[in-house]
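For reference, the structure is listed below as structure tokens.
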Amino acid sequence: MKLSGYIDGIGVLGPGLNSWAHTVEVLCGKQPYHSVPTVLPVPAMLPPAERRRTGRVVKLALGVALEATGSAGADPAQLPSVFSSSGSDGHICHEICQALALPAREVSPTRFSNSVHNVAAGYWSIATGSMTESNVLCAFDASFVAGLLDAMTQIIVDRRAVLLVAYDTEYPPPLHAKRPIPDGLGVAMVLTPERTPRSIARIEVELTSDVADKMPEPELEAMRIAIPAGRSLPLLRLLASRIQGCAILDYLDVSRAAVRVEPCT
Amino acid sequence: MTSGVAMTPSVAMTPMKPLVLSQFTATSCIGSGVAATLASLVGQRSGLKPCDFETVKIDTHIGEVAGVDAQRLPENLKIFDCRNNRLAELALRQDGFLDAIEAAAAFWGRRRVGVFIGTSTAGIMQTELAYRARDPKSGALPSSFEYGTTHNSFSVADYLRRRCRLEGPAVAVSSACASSAKVFGAARRMIEAGMIDAALVGGTDSLCLTTLYGFHSLQLSSPAPCRPFDVARDGISIGEAGAFALLEGVSERAASDSVLLYGVGESSDAYHMSAPHPEGLGAKRAMLAALASASLDAGDIDYINLHGTGTPSNDRSESQAVTSIFGPTTPCSSTKGATGHTLGAAGALEAVISVLAIQNGLMPGGVQTNRIDPNLTAHYIKENRRAPLRRVLSNSFGFGGTNCSLIFGRAG
């Protein structure tokens with residue numbers, strides 16, 4: 001079974017990757033890759049009171065979602081969304097577990113409400129006024145393809161555009177030692193059922209037993225392995241170089257996703 | 001009564017192809033398995049008790065499942081051991097559910113059966129316990145602590161796919177208290193797109209300190225057993241549950257008296273992280289979308305299993321939303337006075353309760369509620385009612401303003 005659709009806009013933020021345009025330059029070899037910590041934008045779209053409460057995971061997800069919807073020319077308020085992440089806010093989780101280990105067990109109410117896995121989806125809907133549905137997923141290291149599959153089934157079954165946001169941020173110590181995600185990485189895509197003037201490429205997704213593609217550059221391969229959203233890098237390389245091809249992305253132990261790409265230019 | 005169709009949300013909503021719930025099971029504080037669950041509903045028994053969980057010292061009530069800690073996971077899956085996965089294992093062993101999954105896998109093929117599990121807590125309690133046992137010098141967590149197979153939200157979905165040896169797509173849905181209602185939507189899309197033929201759907205959420213102290217900090221948990229729709233309601237009672245269903249396309253495997261999933265409606269409030277929209281606009285949108293996806297009118301719904309948490313704000317906004325669509329006569333109730341609010345498992349638990357309601361012609365009256373709030377105009381019932389039920393709607397709403405409504409019914 002093949003799921004097909006079009007990609008109309010992309011957003012990327014990660015270590016040494018500042019935007020989709022910048023990522024294209026890096027993946028096409030026009031700019032060298034420099035590993036520097038991920039720079040997260042202040043979510044200006046949120047009211048100041050809400051803005052102060054948002055952590056890194058929200059800033060990251062909103063940043064890439066805004067870039068993808070902007071370049072797709074899509075109205076965020078009308079778009080259903082799929083938010084897929086291997087974890088929620090690791091810093092909040094650490095603070096809550098630390099508080100619970102102390103005799104007083106004083107949990108901050110704001111931290112607790114922002115500890116939910118759907119925190120980024122909640123703030124996105126508040127920021128954009130979007131009352132459309134948002135599915136919030138986790139598949140540990142397989143979270144990118146899990147999100148992609150859900151988004152593709154939405155455009156096929158409901159015949160309308162969907163925003164996919166895959167993002168992961170780091171845990172602080174001591175959890176970091178158990179889940180060593182080095183930094184935040186987010187990848188967002190606006191997927192549409194029909195080709196539009198903004199379409200970047202047509203994609204066709206199916207499950208396969210083939211072995212996942214690796215990145216030739218050691219630093220990007222390290223990112224692919226270390227950050228779950230990085231499992232999308234072989235697909236981003238094809239999209240960046242605007243060549244026809246097939247990227248095999250890591251998914252579950254028993255299957256991978258083969259994503260066939262046909263550029264729209 | 002207002003027509004639901006006239007107010008269908010502007011978003012395109014394709015009518016869905018109904019899916020069969022060919023097997024289902026539920027384990028909560030009112031019973032392990034559907035027979036015990038049904039007996040408690042018939043007897044209007046609550047499973048809530050004063051909180052004596054672990055070392056928790058909060059003046060509240062809880063819905064604890066008996067025998068969770070005694071559960072043992074299979075030897076090859078020991079790495080998944082935590083309260084949440086023990087509860088999943090306990091629930092999985094009821095009602096011949098494992099055999100039903102095996103039969104579906106044999107019929108459709110292991111790669112054609114997906115796994116979609118809702119959870120909000122997963123096994124975070126393992127991390128809570130690990131933080132009490134940090135190395136005094138280095139601060140490191142104990143070497144025995146496993147993150148990915150316990151704390152991570154995917155752990156319960158991963159446990160179930162390995163336990164049932166299913167090889168189709170697998171994912172956890174984690175959108176707070178709507179999680180295990182939304183799994184029905186995700187599975188339905190995957191089946192309708194042709195990626196799979198059947199799905200193990202459901203939810204598991206377990207008691208832990210994060211939710212008990214967290215809801216307490218927000219002043220959302222009641223010291224008394226929760227009283228949904230009561231004039232004196234003052235918060236939730238946290239419970240835990242594991243509830244699962246086997247969802248598949250209508251085929252020769254389906255029994256003629258099967259209960260079907262007819263509609264799924266989802267929406268967002270776009271309002272606040274931890275408070276519902278005051279007029280229940282998001283809830284209304286989800287219910288209307290569910291009606292549209294089921295090609296039904298408001299008048300077709302015979303009973304509504306409410307989200308009905310027992311917080312002043314949830315019940316007020318939900319009552320407004322329900323009345324605006326269904327008017328003041330459609331019977332509705334919350335079963336959370338019996339089970340507690342099982343958070344990420346509530347959607348699946350109440351889906352199973354809705355199916356039991358249809359099969360047994362039983363509208364379960366809301367227990368614990370004493371005097372119904374006169375300002376709530378929805379037709380809340382406190383006593384059990386017996387009547388043939390063709391279509392039942394179940395609501396689940398969560399933090400982040402996420403809403404999901406499901407519609408179940410008899411074939412035909």
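Labels used: A, B, ... for chains in the order of the structure tokens, numbers from 1 for residues in each chain, and numbers from 1 for ligands as shown.
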
Considering only C-alpha atoms, give me a table of residues in chain A that are at most 7 Å from chain B, with the closest atom pair and distance in Å for each, as JSON lines.
{"residue": "A:Met1", "atom": "CA", "partner": "B:Met195", "partner_atom": "CA", "distance": 5.8}
{"residue": "A:Gly87", "atom": "CA", "partner": "B:Asn152", "partner_atom": "CA", "distance": 6.7}
{"residue": "A:Cys97", "atom": "CA", "partner": "B:Glu128", "partner_atom": "CA", "distance": 5.3}
{"residue": "A:Gln98", "atom": "CA", "partner": "B:Tyr131", "partner_atom": "CA", "distance": 6.4}
{"residue": "A:Leu100", "atom": "CA", "partner": "B:Glu128", "partner_atom": "CA", "distance": 6.9}
{"residue": "A:Ala101", "atom": "CA", "partner": "B:Arg132", "partner_atom": "CA", "distance": 5.1}
{"residue": "A:Val107", "atom": "CA", "partner": "B:Gly214", "partner_atom": "CA", "distance": 6.0}
{"residue": "A:Ser108", "atom": "CA", "partner": "B:Ser217", "partner_atom": "CA", "distance": 6.6}
{"residue": "A:Pro109", "atom": "CA", "partner": "B:Leu218", "partner_atom": "CA", "distance": 5.1}
{"residue": "A:Phe112", "atom": "CA", "partner": "B:Gly214", "partner_atom": "CA", "distance": 5.4}
{"residue": "A:Ser113", "atom": "CA", "partner": "B:Ser274", "partner_atom": "CA", "distance": 6.1}
{"residue": "A:Val116", "atom": "CA", "partner": "B:Ala176", "partner_atom": "CA", "distance": 6.1}
{"residue": "A:His117", "atom": "CA", "partner": "B:Ser174", "partner_atom": "CA", "distance": 5.8}
{"residue": "A:Asn118", "atom": "CA", "partner": "B:Ser175", "partner_atom": "CA", "distance": 5.0}
{"residue": "A:Val119", "atom": "CA", "partner": "B:Gly400", "partner_atom": "CA", "distance": 6.2}
{"residue": "A:Gly122", "atom": "CA", "partner": "B:Gly400", "partner_atom": "CA", "distance": 4.1}
{"residue": "A:Ser125", "atom": "CA", "partner": "B:Ala270", "partner_atom": "CA", "distance": 4.6}
{"residue": "A:Ile126", "atom": "CA", "partner": "B:Ala270", "partner_atom": "CA", "distance": 4.1}
{"residue": "A:Gly129", "atom": "CA", "partner": "B:Ala270", "partner_atom": "CA", "distance": 5.2}
{"residue": "A:Ser130", "atom": "CA", "partner": "B:Ala270", "partner_atom": "CA", "distance": 5.9}
{"residue": "A:Met131", "atom": "CA", "partner": "B:Ser268", "partner_atom": "CA", "distance": 4.4}
{"residue": "A:Thr132", "atom": "CA", "partner": "B:Ser267", "partner_atom": "CA", "distance": 5.0}
{"residue": "A:Glu133", "atom": "CA", "partner": "B:Ser267", "partner_atom": "CA", "distance": 4.1}
{"residue": "A:Ser134", "atom": "CA", "partner": "B:Ser268", "partner_atom": "CA", "distance": 6.9}
{"residue": "A:Val136", "atom": "CA", "partner": "B:Ser175", "partner_atom": "CA", "distance": 5.7}
{"residue": "A:Leu137", "atom": "CA", "partner": "B:Val173", "partner_atom": "CA", "distance": 4.6}
{"residue": "A:Cys138", "atom": "CA", "partner": "B:Ala172", "partner_atom": "CA", "distance": 5.1}
{"residue": "A:Ala139", "atom": "CA", "partner": "B:Phe154", "partner_atom": "CA", "distance": 5.0}
{"residue": "A:Phe140", "atom": "CA", "partner": "B:Phe154", "partner_atom": "CA", "distance": 5.7}
{"residue": "A:Ala146", "atom": "CA", "partner": "B:Val171", "partner_atom": "CA", "distance": 6.5}
{"residue": "A:Asp150", "atom": "CA", "partner": "B:Ala186", "partner_atom": "CA", "distance": 6.8}
{"residue": "A:Thr153", "atom": "CA", "partner": "B:Arg189", "partner_atom": "CA", "distance": 5.7}
{"residue": "A:Gln154", "atom": "CA", "partner": "B:Arg189", "partner_atom": "CA", "distance": 6.4}
{"residue": "A:Ile156", "atom": "CA", "partner": "B:Ala193", "partner_atom": "CA", "distance": 6.5}
{"residue": "A:Val157", "atom": "CA", "partner": "B:Ala193", "partner_atom": "CA", "distance": 6.0}
{"residue": "A:Asp158", "atom": "CA", "partner": "B:Thr14", "partner_atom": "CA", "distance": 5.9}
{"residue": "A:Pro174", "atom": "CA", "partner": "B:Ala140", "partner_atom": "CA", "distance": 5.4}
{"residue": "A:Lys178", "atom": "CA", "partner": "B:Tyr147", "partner_atom": "CA", "distance": 6.3}
{"residue": "A:Val254", "atom": "CA", "partner": "B:Glu167", "partner_atom": "CA", "distance": 6.6}

Restricting the output to N, CA and C atoms, write the selected residues as a tab-separated table (two decimals), in the first residue's frame.
chain	number	residue	atom	x	y	z
A	1	MET	N	0.84	-1.20	0.00
A	1	MET	CA	0.00	0.00	0.00
A	1	MET	C	0.88	1.25	0.00
A	87	GLY	N	9.38	12.75	23.02
A	87	GLY	CA	9.21	13.06	24.43
A	87	GLY	C	8.54	14.40	24.58
A	97	CYS	N	10.03	15.80	38.62
A	97	CYS	CA	10.56	14.61	39.30
A	97	CYS	C	11.48	15.00	40.46
A	98	GLN	N	12.23	16.08	40.27
A	98	GLN	CA	13.09	16.57	41.34
A	98	GLN	C	12.24	17.05	42.53
A	100	LEU	N	9.25	16.10	43.29
A	100	LEU	CA	8.56	14.97	43.90
A	100	LEU	C	9.49	14.13	44.76
A	101	ALA	N	10.81	14.27	44.54
A	101	ALA	CA	11.78	13.51	45.34
A	101	ALA	C	12.10	14.22	46.65
A	107	VAL	N	4.75	20.75	43.48
A	107	VAL	CA	4.77	20.78	42.02
A	107	VAL	C	4.15	22.10	41.56
A	108	SER	N	4.84	22.79	40.65
A	108	SER	CA	4.29	24.04	40.12
A	108	SER	C	3.12	23.75	39.20
A	109	PRO	N	1.98	24.42	39.43
A	109	PRO	CA	0.81	24.15	38.59
A	109	PRO	C	1.05	24.44	37.10
A	112	PHE	N	3.10	21.69	35.68
A	112	PHE	CA	2.30	20.47	35.49
A	112	PHE	C	1.46	20.58	34.22
A	113	SER	N	0.78	21.70	34.02
A	113	SER	CA	-0.05	21.77	32.80
A	113	SER	C	0.80	21.80	31.53
A	116	VAL	N	2.36	18.07	29.73
A	116	VAL	CA	1.68	17.12	28.86
A	116	VAL	C	2.41	17.01	27.52
A	117	HIS	N	2.31	15.84	26.92
A	117	HIS	CA	3.00	15.58	25.65
A	117	HIS	C	2.46	16.51	24.55
A	118	ASN	N	1.20	16.95	24.69
A	118	ASN	CA	0.59	17.80	23.66
A	118	ASN	C	0.75	19.29	23.96
A	119	VAL	N	1.79	19.65	24.74
A	119	VAL	CA	1.96	21.06	25.09
A	119	VAL	C	2.18	21.93	23.85
A	122	GLY	N	-1.01	22.36	21.89
A	122	GLY	CA	-1.92	23.25	22.60
A	122	GLY	C	-1.56	24.71	22.37
A	125	SER	N	-2.30	25.83	18.78
A	125	SER	CA	-3.72	26.12	18.54
A	125	SER	C	-4.11	27.46	19.19
A	126	ILE	N	-3.55	27.75	20.38
A	126	ILE	CA	-3.83	29.05	21.01
A	126	ILE	C	-3.24	30.19	20.17
A	129	GLY	N	-5.16	30.35	16.73
A	129	GLY	CA	-6.62	30.35	16.79
A	129	GLY	C	-7.22	29.16	16.06
A	130	SER	N	-6.40	28.14	15.83
A	130	SER	CA	-6.88	26.98	15.06
A	130	SER	C	-7.71	26.05	15.94
A	131	MET	N	-8.97	25.83	15.56
A	131	MET	CA	-9.83	24.89	16.28
A	131	MET	C	-9.90	23.55	15.57
A	132	THR	N	-9.09	23.39	14.53
A	132	THR	CA	-9.06	22.10	13.82
A	132	THR	C	-8.38	21.06	14.71
A	133	GLU	N	-8.53	19.80	14.34
A	133	GLU	CA	-7.98	18.74	15.18
A	133	GLU	C	-6.47	18.69	15.08
A	134	SER	N	-5.88	18.20	16.17
A	134	SER	CA	-4.45	18.04	16.23
A	134	SER	C	-4.19	16.67	16.83
A	136	VAL	N	-1.50	14.08	18.44
A	136	VAL	CA	-0.19	14.21	19.09
A	136	VAL	C	0.35	12.82	19.39
A	137	LEU	N	1.48	12.52	18.77
A	137	LEU	CA	1.98	11.15	18.73
A	137	LEU	C	3.34	11.01	19.38
A	138	CYS	N	3.64	9.77	19.77
A	138	CYS	CA	4.99	9.42	20.22
A	138	CYS	C	5.26	8.00	19.78
A	139	ALA	N	6.41	7.79	19.14
A	139	ALA	CA	6.83	6.43	18.83
A	139	ALA	C	8.32	6.28	19.12
A	140	PHE	N	8.77	6.93	20.21
A	140	PHE	CA	10.18	6.87	20.63
A	140	PHE	C	11.05	7.23	19.42
A	146	ALA	N	6.23	7.72	12.22
A	146	ALA	CA	4.89	7.55	12.79
A	146	ALA	C	4.03	8.79	12.48
A	150	ASP	N	0.69	9.07	9.83
A	150	ASP	CA	-0.60	9.60	10.26
A	150	ASP	C	-1.01	10.78	9.37
A	153	THR	N	-2.11	9.53	5.93
A	153	THR	CA	-3.45	8.92	5.92
A	153	THR	C	-4.52	10.00	6.05
A	154	GLN	N	-4.21	11.09	6.75
A	154	GLN	CA	-5.19	12.19	6.86
A	154	GLN	C	-5.44	12.83	5.51
A	156	ILE	N	-5.08	11.58	2.63
A	156	ILE	CA	-5.72	10.63	1.72
A	156	ILE	C	-7.19	10.40	2.08
A	157	VAL	N	-7.46	10.23	3.38
A	157	VAL	CA	-8.82	9.92	3.81
A	157	VAL	C	-9.70	11.17	3.84
A	158	ASP	N	-9.16	12.28	4.37
A	158	ASP	CA	-9.98	13.49	4.51
A	158	ASP	C	-9.82	14.46	3.33
A	174	PRO	N	19.88	14.40	35.48
A	174	PRO	CA	20.53	13.11	35.21
A	174	PRO	C	19.82	12.28	34.13
A	178	LYS	N	20.36	8.78	30.47
A	178	LYS	CA	19.49	7.66	30.09
A	178	LYS	C	18.87	7.88	28.71
A	254	VAL	N	10.83	-3.87	12.84
A	254	VAL	CA	10.41	-4.80	11.77
A	254	VAL	C	10.18	-4.10	10.43

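Every residue of stretch 96-180 of chain B found in strand (DSSP E or B) when DSSP is run on the backbone appears here: Val113, Gly114, Val115, Phe116, Ile117, Gly118, Ala170, Val171, Ala172 and Val173 of chain B.
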
TODO: Could you tell me which of A:Thr196, A:Ser4, A:Ser255, A:Ser86 comes closest to A:Ile181 if we count only C-alpha atoms?
DONE: A:Ser86

Close residues, A:Val162 itself excluded, 12 Å, only C-alpha atoms, min 2 positions apart in chain, as a PDB file with C-alpha atoms, in the first residue's frame:
ATOM      1  CA  GLY A   5       0.701  13.416  -1.658  1.00  0.00           C
ATOM      2  CA  TYR A   6       2.623  16.676  -2.071  1.00  0.00           C
ATOM      3  CA  ILE A   7       4.909  18.705   0.174  1.00  0.00           C
ATOM      4  CA  ASP A   8       4.088  22.423  -0.038  1.00  0.00           C
ATOM      5  CA  GLY A   9       6.302  23.918   2.637  1.00  0.00           C
ATOM      6  CA  ALA A  65       5.495  24.983  12.114  1.00  0.00           C
ATOM      7  CA  ALA A  68       6.459  25.479   6.986  1.00  0.00           C
ATOM      8  CA  THR A  69       3.005  27.077   6.916  1.00  0.00           C
ATOM      9  CA  ALA A  72       3.351  26.860   1.913  1.00  0.00           C
ATOM     10  CA  ALA A  74      -1.227  27.992   4.226  1.00  0.00           C
ATOM     11  CA  ASP A  75      -3.569  29.511   6.815  1.00  0.00           C
ATOM     12  CA  PRO A  76      -2.573  27.808  10.104  1.00  0.00           C
ATOM     13  CA  ALA A  77      -6.064  28.355  11.535  1.00  0.00           C
ATOM     14  CA  GLN A  78      -7.547  26.063   8.884  1.00  0.00           C
ATOM     15  CA  LEU A  79      -4.935  23.307   8.944  1.00  0.00           C
ATOM     16  CA  PRO A  80      -5.339  20.113  10.950  1.00  0.00           C
ATOM     17  CA  SER A  81      -2.018  19.096  12.459  1.00  0.00           C
ATOM     18  CA  VAL A  82       0.048  16.118  13.544  1.00  0.00           C
ATOM     19  CA  PHE A  83       2.620  16.758  16.265  1.00  0.00           C
ATOM     20  CA  THR A 132      -9.063  22.104  13.821  1.00  0.00           C
ATOM     21  CA  GLU A 133      -7.982  18.743  15.175  1.00  0.00           C
ATOM     22  CA  SER A 134      -4.452  18.040  16.230  1.00  0.00           C
ATOM     23  CA  ASN A 135      -3.120  14.531  16.683  1.00  0.00           C
ATOM     24  CA  GLY A 147       3.913  11.209  12.308  1.00  0.00           C
ATOM     25  CA  LEU A 148       4.437  11.046   8.547  1.00  0.00           C
ATOM     26  CA  LEU A 149       2.195   7.965   8.240  1.00  0.00           C
ATOM     27  CA  ASP A 150      -0.604   9.595  10.258  1.00  0.00           C
ATOM     28  CA  ALA A 151      -0.366  12.831   8.253  1.00  0.00           C
ATOM     29  CA  MET A 152      -0.384  10.947   4.935  1.00  0.00           C
ATOM     30  CA  THR A 153      -3.447   8.916   5.923  1.00  0.00           C
ATOM     31  CA  GLN A 154      -5.190  12.188   6.858  1.00  0.00           C
ATOM     32  CA  ILE A 155      -4.616  13.812   3.467  1.00  0.00           C
ATOM     33  CA  ILE A 156      -5.720  10.626   1.717  1.00  0.00           C
ATOM     34  CA  VAL A 157      -8.820   9.916   3.806  1.00  0.00           C
ATOM     35  CA  ASP A 158      -9.980  13.488   4.505  1.00  0.00           C
ATOM     36  CA  ARG A 159      -8.687  14.994   1.209  1.00  0.00           C
ATOM     37  CA  ARG A 160      -7.279  18.144   2.792  1.00  0.00           C
ATOM     38  CA  LEU A 164       3.196  17.653  10.213  1.00  0.00           C
ATOM     39  CA  VAL A 165       5.552  18.759  12.999  1.00  0.00           C
ATOM     40  CA  ALA A 188       7.766  20.538   9.805  1.00  0.00           C
ATOM     41  CA  MET A 189       5.993  19.930   6.496  1.00  0.00           C
ATOM     42  CA  VAL A 190       2.711  21.033   4.981  1.00  0.00           C
ATOM     43  CA  LEU A 191       1.323  18.022   3.106  1.00  0.00           C
ATOM     44  CA  THR A 192      -1.444  18.332   0.534  1.00  0.00           C
ATOM     45  CA  PRO A 193      -3.513  15.771  -1.378  1.00  0.00           C
ATOM     46  CA  GLU A 194      -3.304  17.656  -4.720  1.00  0.00           C
TER      47      GLU A 194
END

TODO: Run DSSP on the backbone and grab whatever in stretch 264-375 of chain B lands in helix (DSSP H, G or I); send it over as a ChimeraX atom specification.
DONE: /B:281-293,298-300,312-326,336-339,343-360

Polymer residues at most 12 Å from B:Gly235, only C-alpha atoms, same-chain spacing of 6 or more positions, as a compact mmCIF listing (two decimals) with C-alpha atoms, in the first residue's frame:
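Contents of selection_39.txt, as written:
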# COMPACT_ATOMS: atom_id res chain seq x y z
CA THR B 60 -8.24 13.11 47.85
CA HIS B 61 -9.87 9.95 46.54
CA PHE B 215 -3.78 18.05 39.70
CA HIS B 216 -3.63 18.88 43.42
CA LEU B 218 -3.91 23.12 40.13
CA GLN B 219 -6.63 22.69 42.78
CA LEU B 220 -8.47 20.43 40.35
CA SER B 221 -8.70 17.32 42.55
CA SER B 222 -11.50 16.93 45.04
CA PRO B 223 -11.00 15.84 48.65
CA ALA B 224 -14.28 13.88 48.33
CA PRO B 225 -15.14 11.25 45.70
CA CYS B 226 -15.76 13.27 42.52
CA ARG B 227 -19.38 14.34 41.94
CA PRO B 228 -19.88 15.12 38.23
CA PHE B 229 -22.66 17.64 37.53
CA GLY B 308 -17.97 14.84 33.09
CA THR B 309 -14.86 15.17 35.24
CA GLY B 310 -16.53 16.88 38.17
CA THR B 311 -14.57 20.13 37.95
CA PRO B 312 -16.80 23.21 38.02
CA SER B 313 -15.49 24.46 34.66
CA ASN B 314 -15.52 21.20 32.65
CA ASP B 315 -19.06 20.26 33.53
CA LYS B 336 -16.21 9.02 36.47
CA GLY B 337 -18.00 8.97 39.84
CA GLY B 340 -12.48 8.12 38.71
CA HIS B 341 -10.87 10.11 35.93

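Each of B:Ala198, B:Ala91, B:Ile381, B:Ala181 was checked against B:Leu160 using only C-alpha atoms; the smallest atom-to-atom distance is that of B:Ala91.
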
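Taking only C-alpha atoms into account, A:Gly230 lies nearest to A:Pro182 out of the set A:Pro182, A:Pro172, A:Pro41, A:Pro197.
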
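Picture a line from atom CA of B:Gly347 to atom CA of B:Val201; it runs 10.7 Å.
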
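With only C-alpha atoms as the basis for measurement, B:Ala338 is the residue among B:Leu296, B:Val231, B:Leu389, B:Ala338 that approaches B:Ser28 most closely.
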
Please, which residues in stretch 48-144 of chain A fall within 12 Å of stretch 34-38 of chain A when counting only C-alpha atoms, and what is the closest atom pair and distance in Å to one decimal for each, ordered by chain then residue number, as a tab-separated table?
residue	atom	partner	partner_atom	distance
A:Arg56	CA	A:Thr38	CA	10.2
A:Val57	CA	A:Thr38	CA	11.7
A:Lys59	CA	A:Thr38	CA	11.1
A:Leu60	CA	A:Thr38	CA	9.1
A:Gly63	CA	A:Thr38	CA	11.7

Contacts of stretch 209-213 of chain A at 7 Å (only C-alpha atoms; same-chain gap of 5+ positions) as a short mmCIF file (atom, residue, chain, number, x, y, z; two decimals) with C-alpha atoms, in the first residue's frame:
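As a result, result.cif now contains:
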data_model
loop_
_atom_site.label_atom_id
_atom_site.label_comp_id
_atom_site.auth_asym_id
_atom_site.auth_seq_id
_atom_site.Cartn_x
_atom_site.Cartn_y
_atom_site.Cartn_z
CA PRO A 234 17.79 11.24 4.04
CA ALA A 247 14.85 7.65 0.77
CA ILE A 248 14.63 4.75 3.21
CA LEU A 249 13.89 6.09 6.69
CA ASP A 250 14.32 4.25 9.98
CA SER A 255 9.96 -2.11 9.11
CA ARG A 256 11.31 1.04 7.51
#

Distance table requested - stretch 92-205 of chain B against stretch 242-261 of chain B, cut-off 7 Å, only C-alpha atoms: one row per qualifying residue with the closest atom pair and its distance in Å to one decimal, ordered by chain and rising residue number, as a Markdown table.
| residue | atom | partner | partner_atom | distance |
| --- | --- | --- | --- | --- |
| B:Asp197 | CA | B:Glu248 | CA | 6.0 |
| B:Ala198 | CA | B:Glu248 | CA | 4.2 |
| B:Ala199 | CA | B:Leu247 | CA | 5.1 |
| B:Leu200 | CA | B:Leu246 | CA | 4.9 |
| B:Val201 | CA | B:Ala245 | CA | 5.4 |
| B:Gly202 | CA | B:Phe244 | CA | 4.1 |
| B:Gly203 | CA | B:Ala243 | CA | 5.6 |
| B:Thr204 | CA | B:Gly242 | CA | 4.3 |
| B:Asp205 | CA | B:Gly242 | CA | 6.8 |

Just the selected residues (C-alpha atoms), exported as an mmCIF file, in the first residue's frame, please.
data_model
loop_
_atom_site.group_PDB
_atom_site.id
_atom_site.type_symbol
_atom_site.label_atom_id
_atom_site.label_comp_id
_atom_site.auth_asym_id
_atom_site.auth_seq_id
_atom_site.Cartn_x
_atom_site.Cartn_y
_atom_site.Cartn_z
ATOM 1 C CA ASP B 197 -6.916 -4.197 8.053
ATOM 2 C CA ALA B 198 -7.275 -4.272 11.823
ATOM 3 C CA ALA B 199 -6.032 -2.377 14.848
ATOM 4 C CA LEU B 200 -5.417 -2.955 18.520
ATOM 5 C CA VAL B 201 -6.659 0.343 19.987
ATOM 6 C CA GLY B 202 -7.056 1.460 23.558
ATOM 7 C CA GLY B 203 -5.365 3.152 26.447
ATOM 8 C CA THR B 204 -3.497 2.571 29.672
ATOM 9 C CA ASP B 205 -2.839 5.183 32.352
#
